[in-house]
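A quick write-up on the structure given underneath.
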Amino acid sequence: MKRTAMELAAIATAAVPGLTPVGFAALSDDAEDFDSALIVDALKHRWRVRSPRHDEASMRLEAELSALRAFSAKVRASLPFALPAVAGTVRQGPLRTFVYKDMPGHVPTLDELVDEGSNLAKALGQCMASIHQIPDESVEVAGLPTYSADEIRQRKLNELDTAAATGKVPSRLLRRWEHAMEDVALWRFNAAVVHGDFDEEQLQISHSSITAVKGWTDLHVGDPADDFAWLSAIEDQSFSERVFSAYVEARGKSADPHIMRRAALAAEFALAQWLVKSLDSKDAERIAEAEEMLRELDQNIAEYGGQPLSVVEAPRPLATQPEAPAPQAAQKPVSIAAPSINTEKVTALAPEKPQSQSTPEKSADHQDSADQPAVAAKREADSEEPASKDDEPKSDSAESEAKLATETDPAADKDQQAEESTK
């Protein structure tokens with residue numbers, strides 16, 4: 001049963017003794033899970049009320065309470081924003097309504113966030129980095145979920161099978177998501193503390209700064225990309241790029257360069273998850289709406305390509321055919337639809353792959369340098385072909401002479417060799 005703002009104000013007086021409401025208004029919240037209201041008392045203090053609508057929503061509020069209690073004074077001091085404070089609770093049957101002290105600032109719209117510009121984008125990136133740097137122990141001691149990268153990937157694959165079994169997800173989307181979930185390189189990341197329900201509605205802002213973060217009901221250790229999923233839907237991708245750049249700068253070497261790819265996957269796959277949830281509820285209107293949104297996503301990807309999800313967009317070539325033209329064709333879509341992130345930062349934070357590719361060449365160069373005298377002698381004795389420029393020596397007089405030998409005109413070498421042969 002839905003509760004009005006007036007009813008929530010009356011409930012709040014039972015949760016917080018001495019509270020005398022003089023004004024109230026409904027608040028935007030997860031409409032299917034919570035009834036929420038903002039209350040102003042006689043002393044002009046503001047209070048926020050959240051009342052769960054079913055058992056699952058009640059469990060989420062209880063989890064948030066456990067999380068907030070688990071945050072030590074040291075953790076709270078490390079965060080550049082305020083955390084909610086529970087002022088009181090009241091139980092109505094099996095469910096418990098929570099009353100919070102309101103925090104400074106106001107809840108922004110998505111357009112307002114983007115319009116605030118680079119200062120707020122930087123503050124947002126730093127805010128998200130500070131959450132992901134919270135010690136895992138803060139979540140573990142509260143008894144909240146903890147998942148490894150492999151567990152997260154396997155869960156998504158299981159959910160993909162469930163979505164495919166409905167027969168209502170376009171096959172192009174299923175193939176796209178399956179390829180991303182099976183791309184092992186995409187899932188090599190360190191799990192971190194994740195807010196779990198992060199978006200603009202959980203923020204309080206004031207003067208281009210973030211004053212508070214609410215909604216800690218889904219706190220867990222998992223994939224940091226989940227907190228970025230909402231950004232992938234922002235039309236102005238330059239804002240998302242600035243947020244990610246500030247995040248990378250704040251986290252340093254701990255930042256994962258593939259976060260935005262998994263975030264885009266999470267944003268797309270959320271539609272399939274919603275479809276499955278709608279089918280379970282047997283709500284025909286919600287089912288039809290979910291199917292329509294999936295069709296629109298499929299058409300958009302067919303027309304525009306969509307954001308890159310996998311590290312390698314097309315299927316990898318067979319190991320026995322490394323020089324086949326297939327890899328070049330597979331790389332073409334990647335260059336057309338580049339990810340909307342700061343690629344310079346990403347490259348700087350992902351040295352593993354470039355090093356693995358360049359290691360053989362580096363080793364070969366080192367060997368060439370060590371064998372320069374022998375190589376130079378061999379070149380002087382060789383009458384068939386000139387020295388290669390790839391073996392140019394780097395220093396000392398013997399190597400300089402070898403270098404001059406490599407720069408000799410091949411035609412002149414052949415004439416000299418012919419003259420020596422005649423003699």
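Scheme for the structure tokens: letters A, B, ... for chains in order shown; per-chain residue numbers from 1; ligand numbers from 1 in order shown.
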
> Which residues, written as a ChimeraX atom specification, have at least one atom at most 9 Å from Val248 of chain A, with only C-alpha atoms counted and residues fewer than 3 positions away on the same chain left out?
Replying inline: /A:125-126,129,243-245,251-257,345-346,349

>> Please identify the strand (DSSP E or B) residues within segment 178-297 of chain A (assignment by DSSP from backbone atoms) and present them as a count of residues only.
In response: 15

Tell me, counting only C-alpha atoms, for each residue of segment 154-201 of chain A within 9 Å of segment 104-121 of chain A, which pair of atoms is nearest and how far apart they are in Å to one decimal, in rows ordered by chain and increasing number, as CSV.
residue,atom,partner,partner_atom,distance
A:Asp199,CA,A:Leu110,CA,8.9
A:Glu200,CA,A:Leu110,CA,6.2
A:Glu201,CA,A:Val107,CA,6.1

Would you pick out the contacts of Ala164 of chain A at 12 Å or less, using only C-alpha atoms, so that residues sharing its chain but fewer than 2 positions from it are not included, and give the list as a CSV table (one decimal) with N, CA, C and O atoms, in the first residue's frame?
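The result, stored in result.csv:
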chain,number,residue,atom,x,y,z
A,157,LEU,N,26.8,-14.4,-16.8
A,157,LEU,CA,26.6,-15.4,-17.8
A,157,LEU,C,25.3,-16.2,-17.4
A,157,LEU,O,24.5,-16.6,-18.3
A,158,ASN,N,25.1,-16.5,-16.2
A,158,ASN,CA,23.9,-17.2,-15.8
A,158,ASN,C,22.7,-16.4,-16.0
A,158,ASN,O,21.6,-16.9,-16.5
A,159,GLU,N,22.8,-15.1,-15.8
A,159,GLU,CA,21.6,-14.2,-16.0
A,159,GLU,C,21.4,-14.1,-17.5
A,159,GLU,O,20.2,-13.9,-17.9
A,160,LEU,N,22.4,-14.1,-18.3
A,160,LEU,CA,22.3,-14.1,-19.8
A,160,LEU,C,21.5,-15.3,-20.3
A,160,LEU,O,20.6,-15.2,-21.1
A,161,ASP,N,21.8,-16.5,-19.7
A,161,ASP,CA,21.1,-17.7,-20.1
A,161,ASP,C,19.6,-17.6,-19.7
A,161,ASP,O,18.8,-18.0,-20.5
A,162,THR,N,19.4,-17.0,-18.6
A,162,THR,CA,18.0,-16.8,-18.2
A,162,THR,C,17.2,-15.9,-19.1
A,162,THR,O,16.1,-16.2,-19.5
A,166,THR,N,13.9,-16.7,-22.3
A,166,THR,CA,12.6,-16.0,-22.4
A,166,THR,C,12.2,-16.0,-23.9
A,166,THR,O,11.0,-15.9,-24.2
A,167,GLY,N,13.2,-16.0,-24.8
A,167,GLY,CA,12.9,-15.9,-26.2
A,167,GLY,C,12.4,-14.5,-26.7
A,167,GLY,O,12.0,-14.3,-27.8
A,168,LYS,N,12.6,-13.5,-25.8
A,168,LYS,CA,12.1,-12.1,-26.1
A,168,LYS,C,13.3,-11.1,-26.2
A,168,LYS,O,13.0,-9.9,-26.4
A,169,VAL,N,14.5,-11.6,-26.2
A,169,VAL,CA,15.7,-10.7,-26.3
A,169,VAL,C,16.2,-10.9,-27.7
A,169,VAL,O,16.5,-12.0,-28.2
A,170,PRO,N,16.4,-9.8,-28.5
A,170,PRO,CA,16.9,-9.9,-29.9
A,170,PRO,C,18.3,-10.7,-29.9
A,170,PRO,O,19.1,-10.5,-29.1
A,171,SER,N,18.4,-11.5,-30.9
A,171,SER,CA,19.6,-12.4,-31.0
A,171,SER,C,20.9,-11.6,-31.1
A,171,SER,O,21.9,-12.0,-30.7
A,172,ARG,N,20.8,-10.4,-31.8
A,172,ARG,CA,22.0,-9.6,-32.0
A,172,ARG,C,22.5,-9.1,-30.6
A,172,ARG,O,23.7,-9.1,-30.4
A,173,LEU,N,21.6,-8.7,-29.7
A,173,LEU,CA,22.0,-8.3,-28.4
A,173,LEU,C,22.6,-9.5,-27.6
A,173,LEU,O,23.6,-9.3,-26.9
A,174,LEU,N,22.0,-10.7,-27.7
A,174,LEU,CA,22.5,-11.8,-27.0
A,174,LEU,C,23.9,-12.1,-27.4
A,174,LEU,O,24.8,-12.4,-26.6
A,175,ARG,N,24.2,-12.1,-28.7
A,175,ARG,CA,25.6,-12.4,-29.2
A,175,ARG,C,26.5,-11.3,-28.7
A,175,ARG,O,27.7,-11.6,-28.4
A,177,TRP,N,26.4,-9.4,-26.0
A,177,TRP,CA,26.6,-9.5,-24.6
A,177,TRP,C,27.4,-10.8,-24.3
A,177,TRP,O,28.3,-10.7,-23.4
A,178,GLU,N,27.1,-11.8,-25.0
A,178,GLU,CA,27.8,-13.1,-24.7
A,178,GLU,C,29.3,-12.9,-25.0
A,178,GLU,O,30.2,-13.4,-24.3
A,269,PHE,N,22.7,-4.4,-20.4
A,269,PHE,CA,22.2,-5.7,-19.9
A,269,PHE,C,21.1,-5.4,-18.9
A,269,PHE,O,20.3,-6.3,-18.6
A,272,ALA,N,17.7,-6.3,-20.1
A,272,ALA,CA,17.3,-7.8,-20.1
A,272,ALA,C,17.0,-8.2,-18.7
A,272,ALA,O,16.0,-9.0,-18.5
A,273,GLN,N,17.7,-7.7,-17.7
A,273,GLN,CA,17.4,-8.1,-16.3
A,273,GLN,C,16.0,-7.6,-15.9
A,273,GLN,O,15.3,-8.2,-15.2
A,275,LEU,N,13.5,-7.1,-18.0
A,275,LEU,CA,12.6,-8.0,-18.7
A,275,LEU,C,12.3,-9.2,-17.9
A,275,LEU,O,11.1,-9.6,-17.7
A,276,VAL,N,13.3,-9.9,-17.4
A,276,VAL,CA,13.2,-11.1,-16.6
A,276,VAL,C,12.4,-10.8,-15.3
A,276,VAL,O,11.4,-11.5,-14.9

>> Neighbouring residues of Arg262 of chain A were defined as those with any atom within 12 Å, considering only C-alpha atoms; residues of the same chain fewer than 2 positions away were excluded. Please report them as number ranges by chain.
In response: A: 149, 152-153, 156, 177, 180-181, 183-189, 223-232, 256-260, 264-270, 307-311, 339

How about saving the chosen residues, C-alpha atoms kept, as an mmCIF file, in the first residue's frame?
data_model
loop_
_atom_site.group_PDB
_atom_site.id
_atom_site.type_symbol
_atom_site.label_atom_id
_atom_site.label_comp_id
_atom_site.auth_asym_id
_atom_site.auth_seq_id
_atom_site.Cartn_x
_atom_site.Cartn_y
_atom_site.Cartn_z
ATOM 1 C CA ALA A 149 35.780 -10.789 -10.565
ATOM 2 C CA ILE A 152 30.682 -11.498 -11.062
ATOM 3 C CA ARG A 153 31.349 -12.694 -14.610
ATOM 4 C CA LYS A 156 26.209 -12.378 -15.518
ATOM 5 C CA TRP A 177 26.612 -9.499 -24.594
ATOM 6 C CA ALA A 180 31.704 -9.362 -23.939
ATOM 7 C CA MET A 181 31.091 -11.722 -21.033
ATOM 8 C CA ASP A 183 36.163 -11.855 -23.211
ATOM 9 C CA VAL A 184 38.376 -12.822 -20.281
ATOM 10 C CA ALA A 185 40.596 -9.731 -20.622
ATOM 11 C CA LEU A 186 37.589 -7.524 -19.890
ATOM 12 C CA TRP A 187 37.091 -9.184 -16.495
ATOM 13 C CA ARG A 188 40.618 -8.936 -15.147
ATOM 14 C CA PHE A 189 40.050 -6.401 -12.403
ATOM 15 C CA ASP A 223 32.714 -4.536 -9.860
ATOM 16 C CA PRO A 224 33.485 -0.777 -9.695
ATOM 17 C CA ALA A 225 32.010 -0.455 -13.189
ATOM 18 C CA ASP A 226 28.522 -0.848 -11.706
ATOM 19 C CA ASP A 227 28.787 2.654 -10.235
ATOM 20 C CA PHE A 228 29.595 4.050 -13.717
ATOM 21 C CA ALA A 229 26.684 2.420 -15.576
ATOM 22 C CA TRP A 230 24.427 5.466 -15.239
ATOM 23 C CA LEU A 231 27.089 7.675 -16.869
ATOM 24 C CA SER A 232 27.079 5.598 -20.062
ATOM 25 C CA ASP A 256 40.881 -0.293 -14.155
ATOM 26 C CA PRO A 257 41.118 0.899 -17.798
ATOM 27 C CA HIS A 258 38.142 -1.225 -18.888
ATOM 28 C CA ILE A 259 35.623 0.203 -16.417
ATOM 29 C CA MET A 260 33.686 2.181 -19.033
ATOM 30 C CA ALA A 264 28.230 0.211 -20.942
ATOM 31 C CA LEU A 265 27.576 -3.536 -20.803
ATOM 32 C CA ALA A 266 25.872 -3.176 -17.419
ATOM 33 C CA ALA A 267 23.668 -0.347 -18.728
ATOM 34 C CA GLU A 268 22.558 -2.382 -21.765
ATOM 35 C CA PHE A 269 22.151 -5.664 -19.916
ATOM 36 C CA ALA A 270 19.993 -3.965 -17.268
ATOM 37 C CA GLN A 307 29.555 1.635 -27.515
ATOM 38 C CA PRO A 308 32.439 -0.862 -27.572
ATOM 39 C CA LEU A 309 32.028 -3.527 -24.918
ATOM 40 C CA SER A 310 34.727 -6.132 -25.487
ATOM 41 C CA VAL A 311 38.447 -5.483 -25.452
ATOM 42 C CA PRO A 339 35.171 4.296 -26.585
#

Would you return as an mmCIF file with all heavy atoms, in the first residue's frame the members of segment 182-225 of chain A that DSSP assigns to helix (DSSP H, G or I) on this structure's backbone?
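And here is the file that came out, selection01.cif:
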data_model
loop_
_atom_site.group_PDB
_atom_site.id
_atom_site.type_symbol
_atom_site.label_atom_id
_atom_site.label_comp_id
_atom_site.auth_asym_id
_atom_site.auth_seq_id
_atom_site.Cartn_x
_atom_site.Cartn_y
_atom_site.Cartn_z
ATOM 1 N N GLU A 182 32.367 -13.312 -22.346
ATOM 2 C CA GLU A 182 33.359 -14.366 -22.532
ATOM 3 C C GLU A 182 34.749 -13.810 -22.837
ATOM 4 O O GLU A 182 35.701 -14.572 -22.949
ATOM 5 C CB GLU A 182 32.913 -15.305 -23.661
ATOM 6 C CG GLU A 182 31.694 -16.144 -23.290
ATOM 7 C CD GLU A 182 31.308 -17.119 -24.381
ATOM 8 O OE1 GLU A 182 31.814 -16.952 -25.519
ATOM 9 O OE2 GLU A 182 30.519 -18.033 -24.107
ATOM 10 N N VAL A 184 37.739 -12.715 -21.590
ATOM 11 C CA VAL A 184 38.376 -12.822 -20.281
ATOM 12 C C VAL A 184 39.151 -11.556 -19.913
ATOM 13 O O VAL A 184 39.166 -11.126 -18.755
ATOM 14 C CB VAL A 184 39.311 -14.057 -20.238
ATOM 15 C CG1 VAL A 184 40.015 -14.145 -18.888
ATOM 16 C CG2 VAL A 184 38.514 -15.325 -20.508
ATOM 17 N N ALA A 185 39.794 -10.932 -20.897
ATOM 18 C CA ALA A 185 40.596 -9.731 -20.622
ATOM 19 C C ALA A 185 39.747 -8.609 -20.028
ATOM 20 O O ALA A 185 40.246 -7.788 -19.246
ATOM 21 C CB ALA A 185 41.270 -9.252 -21.908
ATOM 22 N N LEU A 186 38.485 -8.572 -20.387
ATOM 23 C CA LEU A 186 37.589 -7.524 -19.890
ATOM 24 C C LEU A 186 37.318 -7.677 -18.399
ATOM 25 O O LEU A 186 36.972 -6.701 -17.723
ATOM 26 C CB LEU A 186 36.271 -7.572 -20.673
ATOM 27 C CG LEU A 186 35.285 -6.423 -20.463
ATOM 28 C CD1 LEU A 186 35.867 -5.123 -20.990
ATOM 29 C CD2 LEU A 186 33.963 -6.718 -21.156
ATOM 30 N N TRP A 187 37.478 -8.888 -17.878
ATOM 31 C CA TRP A 187 37.091 -9.184 -16.495
ATOM 32 C C TRP A 187 38.291 -9.378 -15.583
ATOM 33 O O TRP A 187 38.160 -9.958 -14.495
ATOM 34 C CB TRP A 187 36.189 -10.423 -16.481
ATOM 35 C CG TRP A 187 34.976 -10.190 -17.317
ATOM 36 C CD1 TRP A 187 34.809 -10.470 -18.639
ATOM 37 C CD2 TRP A 187 33.765 -9.544 -16.891
ATOM 38 N NE1 TRP A 187 33.575 -10.064 -19.066
ATOM 39 C CE2 TRP A 187 32.914 -9.493 -18.026
ATOM 40 C CE3 TRP A 187 33.318 -9.031 -15.693
ATOM 41 C CZ2 TRP A 187 31.641 -8.937 -17.965
ATOM 42 C CZ3 TRP A 187 32.051 -8.477 -15.627
ATOM 43 C CH2 TRP A 187 31.227 -8.434 -16.753
ATOM 44 N N GLU A 200 22.463 10.078 -10.131
ATOM 45 C CA GLU A 200 22.303 11.471 -9.708
ATOM 46 C C GLU A 200 21.321 11.622 -8.545
ATOM 47 O O GLU A 200 21.417 12.567 -7.747
ATOM 48 C CB GLU A 200 21.861 12.338 -10.892
ATOM 49 C CG GLU A 200 20.427 12.155 -11.359
ATOM 50 C CD GLU A 200 20.238 10.932 -12.249
ATOM 51 O OE1 GLU A 200 21.200 10.170 -12.418
ATOM 52 O OE2 GLU A 200 19.118 10.763 -12.762
ATOM 53 N N GLU A 201 20.372 10.682 -8.390
ATOM 54 C CA GLU A 201 19.378 10.804 -7.324
ATOM 55 C C GLU A 201 19.948 10.501 -5.943
ATOM 56 O O GLU A 201 19.314 10.801 -4.929
ATOM 57 C CB GLU A 201 18.194 9.875 -7.605
ATOM 58 C CG GLU A 201 17.385 10.289 -8.823
ATOM 59 C CD GLU A 201 16.152 9.423 -9.018
ATOM 60 O OE1 GLU A 201 15.976 8.463 -8.230
ATOM 61 O OE2 GLU A 201 15.369 9.704 -9.932
ATOM 62 N N GLN A 202 21.129 9.924 -5.891
ATOM 63 C CA GLN A 202 21.762 9.632 -4.595
ATOM 64 C C GLN A 202 22.711 10.738 -4.157
ATOM 65 O O GLN A 202 23.348 10.625 -3.109
ATOM 66 C CB GLN A 202 22.534 8.308 -4.669
ATOM 67 C CG GLN A 202 21.747 7.142 -5.224
ATOM 68 C CD GLN A 202 20.462 6.866 -4.455
ATOM 69 O OE1 GLN A 202 20.302 7.271 -3.310
ATOM 70 N NE2 GLN A 202 19.537 6.182 -5.101
ATOM 71 N N TRP A 216 22.665 3.836 0.447
ATOM 72 C CA TRP A 216 23.679 2.790 0.596
ATOM 73 C C TRP A 216 23.061 1.405 0.803
ATOM 74 O O TRP A 216 23.654 0.533 1.437
ATOM 75 C CB TRP A 216 24.609 3.139 1.759
ATOM 76 C CG TRP A 216 25.366 4.414 1.520
ATOM 77 C CD1 TRP A 216 24.936 5.680 1.761
ATOM 78 C CD2 TRP A 216 26.681 4.539 0.976
ATOM 79 N NE1 TRP A 216 25.907 6.604 1.401
ATOM 80 C CE2 TRP A 216 26.990 5.927 0.921
ATOM 81 C CE3 TRP A 216 27.633 3.631 0.545
ATOM 82 C CZ2 TRP A 216 28.197 6.408 0.445
ATOM 83 C CZ3 TRP A 216 28.847 4.108 0.071
ATOM 84 C CH2 TRP A 216 29.127 5.486 0.027
ATOM 85 N N THR A 217 21.891 1.186 0.255
ATOM 86 C CA THR A 217 21.184 -0.078 0.484
ATOM 87 C C THR A 217 21.814 -1.259 -0.249
ATOM 88 O O THR A 217 21.573 -2.410 0.128
ATOM 89 C CB THR A 217 19.716 0.046 0.046
ATOM 90 O OG1 THR A 217 19.678 0.452 -1.339
ATOM 91 C CG2 THR A 217 18.975 1.080 0.876
ATOM 92 N N ASP A 218 22.582 -1.004 -1.307
ATOM 93 C CA ASP A 218 23.167 -2.087 -2.108
ATOM 94 C C ASP A 218 24.682 -2.127 -1.995
ATOM 95 O O ASP A 218 25.367 -2.613 -2.900
ATOM 96 C CB ASP A 218 22.754 -1.938 -3.582
ATOM 97 C CG ASP A 218 21.261 -2.100 -3.767
ATOM 98 O OD1 ASP A 218 20.703 -3.051 -3.205
ATOM 99 O OD2 ASP A 218 20.648 -1.275 -4.471
ATOM 100 N N PRO A 224 33.617 -2.241 -9.740
ATOM 101 C CA PRO A 224 33.485 -0.777 -9.695
ATOM 102 C C PRO A 224 32.730 -0.208 -10.885
ATOM 103 O O PRO A 224 32.181 0.893 -10.805
ATOM 104 C CB PRO A 224 34.945 -0.297 -9.692
ATOM 105 C CG PRO A 224 35.762 -1.466 -9.299
ATOM 106 C CD PRO A 224 35.015 -2.680 -9.717
ATOM 107 N N ALA A 225 32.707 -0.949 -11.993
ATOM 108 C CA ALA A 225 32.010 -0.455 -13.189
ATOM 109 C C ALA A 225 30.518 -0.270 -12.946
ATOM 110 O O ALA A 225 29.872 0.533 -13.631
ATOM 111 C CB ALA A 225 32.228 -1.426 -14.358
#

> Which value, in Å to one decimal, gives the distance between atom CA of Val141 of chain A and atom CA of Ala70 of chain A?
Replying inline: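 Atom CA of Ala70 of chain A lies 6.9 Å from atom CA of Val141 of chain A.
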
Would you pick out the contacts of segment 2-17 of chain A at 6 Å or less, using only C-alpha atoms, so that residues sharing its chain but fewer than 4 positions from it are not included, and give the list as a short mmCIF file (atom, residue, chain, number, x, y, z; two decimals) with all heavy atoms, in the first residue's frame?
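Below you can see around.cif, which holds the result:
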data_model
loop_
_atom_site.label_atom_id
_atom_site.label_comp_id
_atom_site.auth_asym_id
_atom_site.auth_seq_id
_atom_site.Cartn_x
_atom_site.Cartn_y
_atom_site.Cartn_z
N ALA A 25 6.61 17.02 1.88
CA ALA A 25 6.47 16.88 0.43
C ALA A 25 7.02 15.51 0.03
O ALA A 25 7.94 14.98 0.67
CB ALA A 25 7.24 17.98 -0.29
N ALA A 26 6.45 14.94 -1.02
CA ALA A 26 6.92 13.64 -1.51
C ALA A 26 8.29 13.78 -2.14
O ALA A 26 8.63 14.82 -2.72
CB ALA A 26 5.92 13.09 -2.53
N ALA A 37 9.48 10.83 1.75
CA ALA A 37 8.97 12.19 1.94
C ALA A 37 10.02 13.04 2.64
O ALA A 37 10.89 12.53 3.37
CB ALA A 37 7.69 12.18 2.75
N GLY A 88 15.99 7.75 13.67
CA GLY A 88 15.05 6.89 14.38
C GLY A 88 14.34 5.95 13.42
O GLY A 88 14.34 6.17 12.20
N THR A 89 13.75 4.92 13.98
CA THR A 89 13.00 3.95 13.18
C THR A 89 11.71 3.61 13.92
O THR A 89 11.62 3.77 15.16
CB THR A 89 13.80 2.67 12.93
OG1 THR A 89 14.01 1.98 14.18
CG2 THR A 89 15.15 2.97 12.30
N VAL A 90 10.75 3.10 13.16
CA VAL A 90 9.50 2.63 13.76
C VAL A 90 9.02 1.43 12.96
O VAL A 90 9.05 1.44 11.73
CB VAL A 90 8.42 3.74 13.78
CG1 VAL A 90 8.11 4.25 12.38
CG2 VAL A 90 7.17 3.26 14.48
#

> Taking only C-alpha atoms into account, which of A:Ala87, A:Pro94, A:Asp102, A:Thr20 comes nearest Trp47 of chain A?
Replying inline: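 Answer, going by the shortest atom-to-atom distance: A:Asp102.
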
>> Quick check, in Å to one decimal: how far apart do atom CA of Ile131 of chain A and atom CA of Ala31 of chain A lie?
In response: 25.6 Å

> From the set A:His54, A:Ala123, A:Asp136, A:Arg76, which residue has the shortest atom-to-atom contact distance to Ser208 of chain A, counting only C-alpha atoms?
Replying inline: A:Ala123

>> Can you tell me which residues surround Ala82 of chain A at a distance of at most 10 Å, considering only C-alpha atoms, apart from same-chain residues fewer than 3 positions away, and format the answer as a list of chain:residue names?
In response: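 Those residues are A:Arg76, A:Ala77, A:Leu79, A:Ala85, A:Met103, A:Pro104, A:Gln204, A:Ile210, A:Thr211, A:Ala212, A:Val213, A:Lys214.
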